[in-house]
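Peer 1: Sharing upload.cif here; it has mmCIF, C-alpha atoms.
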data_run
loop_
_atom_site.label_atom_id
_atom_site.label_comp_id
_atom_site.auth_asym_id
_atom_site.auth_seq_id
_atom_site.Cartn_x
_atom_site.Cartn_y
_atom_site.Cartn_z
CA MET A 1 -14.85 54.74 38.43
CA LEU A 2 -16.48 51.61 37.14
CA ASN A 3 -16.88 51.47 33.38
CA PHE A 4 -19.70 49.05 32.57
CA ASP A 5 -18.89 48.91 28.85
CA GLU A 6 -15.29 47.92 29.58
CA ALA A 7 -16.37 45.35 32.18
CA ASN A 8 -18.91 43.91 29.72
CA ARG A 9 -16.27 43.68 26.98
CA LYS A 10 -13.76 41.98 29.30
CA SER A 11 -16.43 39.57 30.48
CA LYS A 12 -17.35 38.68 26.89
CA GLU A 13 -13.68 38.17 25.99
CA ALA A 14 -13.19 35.89 29.00
CA MET A 15 -16.28 33.85 28.10
CA ASP A 16 -15.20 33.53 24.45
CA THR A 17 -11.73 32.41 25.55
CA MET A 18 -13.19 29.87 27.96
CA LEU A 19 -15.59 28.43 25.38
CA LYS A 20 -12.84 28.15 22.76
CA SER A 21 -10.58 26.45 25.30
CA TYR A 22 -13.32 23.97 26.23
CA SER A 23 -14.03 23.27 22.57
CA ASP A 24 -10.34 22.66 21.81
CA THR A 25 -10.02 20.43 24.88
CA ALA A 26 -13.04 18.37 23.86
CA LYS A 27 -11.59 17.94 20.36
CA GLY A 28 -8.28 16.86 21.88
CA PHE A 29 -9.95 14.24 24.08
CA GLN A 30 -11.93 12.99 21.08
CA ALA A 31 -8.71 12.58 19.10
CA ILE A 32 -7.10 10.70 22.01
CA ALA A 33 -10.15 8.43 22.33
CA ALA A 34 -10.15 7.74 18.59
CA GLU A 35 -6.46 6.86 18.71
CA ALA A 36 -7.01 4.53 21.67
CA VAL A 37 -9.89 2.80 19.86
CA GLU A 38 -7.79 2.30 16.73
CA TYR A 39 -4.92 0.88 18.75
CA SER A 40 -7.28 -1.47 20.61
CA LYS A 41 -8.77 -2.74 17.35
CA LYS A 42 -5.34 -3.29 15.82
CA SER A 43 -4.04 -4.98 18.96
CA PHE A 44 -7.05 -7.31 19.12
CA GLN A 45 -6.70 -8.20 15.45
CA ASP A 46 -2.98 -8.86 15.89
CA THR A 47 -3.75 -11.15 18.84
CA VAL A 48 -6.35 -13.11 16.87
CA THR A 49 -3.94 -13.49 13.96
CA HIS A 50 -1.20 -14.62 16.34
CA PHE A 51 -3.37 -17.30 17.93
CA GLU A 52 -4.44 -18.53 14.50
CA SER A 53 -0.81 -18.90 13.44
CA LEU A 54 0.12 -20.37 16.83
CA SER A 55 -2.55 -23.05 16.53
CA GLY A 56 -0.97 -24.15 13.25
CA ALA A 57 2.52 -24.56 14.69
CA ARG A 58 3.90 -28.05 14.12
CA SER A 59 6.59 -28.09 16.79
CA PHE A 60 7.36 -26.60 20.17
CA GLU A 61 10.28 -24.65 18.69
CA ALA A 62 8.05 -23.09 16.02
CA ALA A 63 5.44 -22.18 18.64
CA PHE A 64 8.12 -20.70 20.89
CA GLU A 65 9.52 -18.62 18.02
CA LEU A 66 6.05 -17.39 17.05
CA GLN A 67 5.29 -16.46 20.66
CA SER A 68 8.64 -14.67 21.09
CA ASN A 69 8.15 -12.65 17.91
CA TYR A 70 4.59 -11.78 18.92
CA VAL A 71 5.61 -10.61 22.39
CA LYS A 72 8.42 -8.48 20.97
CA THR A 73 6.16 -6.92 18.34
CA ALA A 74 3.33 -6.34 20.83
CA TYR A 75 5.69 -4.66 23.29
CA GLU A 76 7.19 -2.39 20.64
CA SER A 77 3.72 -1.49 19.42
CA PHE A 78 2.60 -0.70 22.96
CA VAL A 79 5.61 1.52 23.66
CA THR A 80 5.08 3.38 20.40
CA GLU A 81 1.39 3.91 21.15
CA ALA A 82 2.04 4.97 24.74
CA THR A 83 4.58 7.53 23.52
CA LYS A 84 2.13 8.84 20.93
CA LEU A 85 -0.68 9.13 23.50
CA GLY A 86 1.68 10.85 25.93
CA GLU A 87 2.55 13.42 23.28
CA MET A 88 -1.15 13.90 22.50
CA TYR A 89 -1.91 14.54 26.20
CA SER A 90 1.03 16.94 26.42
CA ASP A 91 -0.16 18.86 23.36
CA LEU A 92 -3.67 18.94 24.81
CA ALA A 93 -2.42 20.40 28.08
CA LYS A 94 -0.36 23.03 26.25
CA SER A 95 -3.27 24.06 24.04
CA ALA A 96 -5.65 24.19 27.02
CA TYR A 97 -3.26 26.51 28.90
CA LYS A 98 -2.42 28.72 25.91
CA PRO A 99 -5.44 31.12 26.16
CA TYR A 100 -4.70 31.75 29.84
CA GLU A 101 -0.95 32.21 29.47
CA ALA A 102 -0.99 35.98 28.78
CA PRO A 103 -3.59 36.90 31.45
CA VAL A 104 -1.75 34.83 34.09
CA ALA A 105 1.57 36.44 33.14
CA ALA A 106 0.00 39.91 33.35
CA ALA A 107 -1.56 39.15 36.75
CA THR A 108 1.75 37.75 38.02
CA ALA A 109 3.60 40.86 36.86
CA LYS A 110 1.03 43.09 38.58
CA ALA A 111 1.23 41.09 41.80
CA THR A 112 5.03 41.15 41.74
CA LYS A 113 5.04 44.91 41.19
CA ALA A 114 2.51 45.42 44.02
CA ALA A 115 4.56 43.23 46.34
CA ALA A 116 7.71 45.19 45.53
CA VAL A 117 5.95 48.44 46.43
CA VAL A 118 4.55 47.05 49.69
CA ALA A 119 7.74 45.23 50.79
CA PRO A 120 9.95 48.34 51.20
CA ALA A 121 7.14 50.13 53.02
CA ALA A 122 6.84 47.25 55.48
CA ALA A 123 10.58 47.25 56.27
#
Step by step, read the file and then write its structure as structure tokens.

Peer 2:
Amino acid sequence: MLNFDEANRKSKEAMDTMLKSYSDTAKGFQAIAAEAVEYSKKSFQDTVTHFESLSGARSFEAAFELQSNYVKTAYESFVTEATKLGEMYSDLAKSAYKPYEAPVAAATAKATKAAAVVAPAAA
């Protein structure tokens, strides 16, 4: 028999879970965007500073050394930032999946149990 109160409660729980998940996901994307903006600002400022120092170089060797150091630093900075953003995306995916983990596990267990009951009957 259909219990409307129970169905209403389950529906409300599902909606609350979905809204919380969407809110957490939006906050995660905002944090990622803020991090990307900060990195872009820092990278641009580092580039401007590099070109200012490069324009003051007195010899080819000094310019080459400045350029080599800049490229090395820029690459290391990029790898660090890419790693950090990758971790932020991974954490976002984990937190977005978290509210659905238990219901999916319960549904999978039910489906597995139902399949086990049907399989012997079919054989």

Peer 1: Do you know which residues are at most 8 Å from segment 20-27 of chain A counting all atoms listed in the file, after dropping those on the same chain fewer than 2 positions away, and could you put them as a list in words?

Peer 2: Asp16, Thr17, Met18, Phe29, Gln30, Ala31, Leu92, Ser95, Ala96 and Pro99 of chain A

Peer 1: With only C-alpha atoms as the atoms that count, which of A:Ser43, A:Ser90, A:Ser11, A:Ser59 lies nearest to Thr73 of chain A?

Peer 2: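 Among A:Ser43, A:Ser90, A:Ser11, A:Ser59, it is A:Ser43 that comes nearest to Thr73 of chain A.
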
Peer 1: With all atoms listed in the file as the basis for distance, which of A:Phe4, A:Ala33, A:Lys12, A:Ala114 is at the shortest distance from Tyr89 of chain A?

Peer 2: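 That would be A:Ala33, the residue with the smallest distance to Tyr89 of chain A.
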
Peer 1: What does the distance between atom CA of Glu6 of chain A and atom CA of Ala116 of chain A come to in Å, to one decimal place?

Peer 2: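 These atoms are spaced 28.1 Å apart.
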
Peer 1: Find the distance between atom CA of Tyr97 of chain A and atom CA of Glu13 of chain A and write it in Å to one decimal.

Peer 2: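 If I compute the distance from atom CA of Tyr97 of chain A to atom CA of Glu13 of chain A, I get 15.9 Å.
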
Peer 1: How far is it from atom CA of Val79 of chain A to atom CA of Thr49 of chain A, in Å with one decimal?

Peer 2: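 Between atom CA of Val79 of chain A and atom CA of Thr49 of chain A the gap is 20.3 Å.
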
Peer 1: Within 10 Å of His50 of chain A, counting all atoms listed in the file, which residues qualify if same-chain residues fewer than 2 places away don't, as a PDB file with C-alpha atoms, in the coordinates of the input?

Peer 2:
ATOM      1  CA  PHE A  44      -7.050  -7.310  19.120  1.00  0.00           C
ATOM      2  CA  GLN A  45      -6.700  -8.200  15.450  1.00  0.00           C
ATOM      3  CA  ASP A  46      -2.980  -8.860  15.890  1.00  0.00           C
ATOM      4  CA  THR A  47      -3.750 -11.150  18.840  1.00  0.00           C
ATOM      5  CA  VAL A  48      -6.350 -13.110  16.870  1.00  0.00           C
ATOM      6  CA  GLU A  52      -4.440 -18.530  14.500  1.00  0.00           C
ATOM      7  CA  SER A  53      -0.810 -18.900  13.440  1.00  0.00           C
ATOM      8  CA  LEU A  54       0.120 -20.370  16.830  1.00  0.00           C
ATOM      9  CA  SER A  55      -2.550 -23.050  16.530  1.00  0.00           C
ATOM     10  CA  LEU A  66       6.050 -17.390  17.050  1.00  0.00           C
ATOM     11  CA  GLN A  67       5.290 -16.460  20.660  1.00  0.00           C
ATOM     12  CA  ASN A  69       8.150 -12.650  17.910  1.00  0.00           C
ATOM     13  CA  TYR A  70       4.590 -11.780  18.920  1.00  0.00           C
ATOM     14  CA  VAL A  71       5.610 -10.610  22.390  1.00  0.00           C
TER      15      VAL A  71
END

Peer 1: From the set A:Glu61, A:Ala34, A:Lys42, A:Asp5, which residue has the shortest atom-to-atom contact distance to Ser77 of chain A, counting only C-alpha atoms?

Peer 2: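 Residue with the minimum atom-to-atom distance to Ser77 of chain A: A:Lys42.
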
Peer 1: Find the residue from A:Ala107, A:Ser68, A:Lys94, A:Glu81 that sits nearest to Val37 of chain A; use only C-alpha atoms when measuring.

Peer 2: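 Of A:Ala107, A:Ser68, A:Lys94, A:Glu81, the one nearest Val37 of chain A, counting only C-alpha atoms, is A:Glu81.
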
Peer 1: Give the answer as one residue: which of A:Lys41, A:Tyr100, A:Thr83, A:Met88 has the shortest atom-to-atom distance to Met15 of chain A, using all atoms listed in the file?

Peer 2: A:Tyr100

Peer 1: Looking at A:Leu85, A:Leu19, A:Ala14, A:Ala57, which one is nearest to Glu38 of chain A, with distances taken over only C-alpha atoms?

Peer 2: A:Leu85
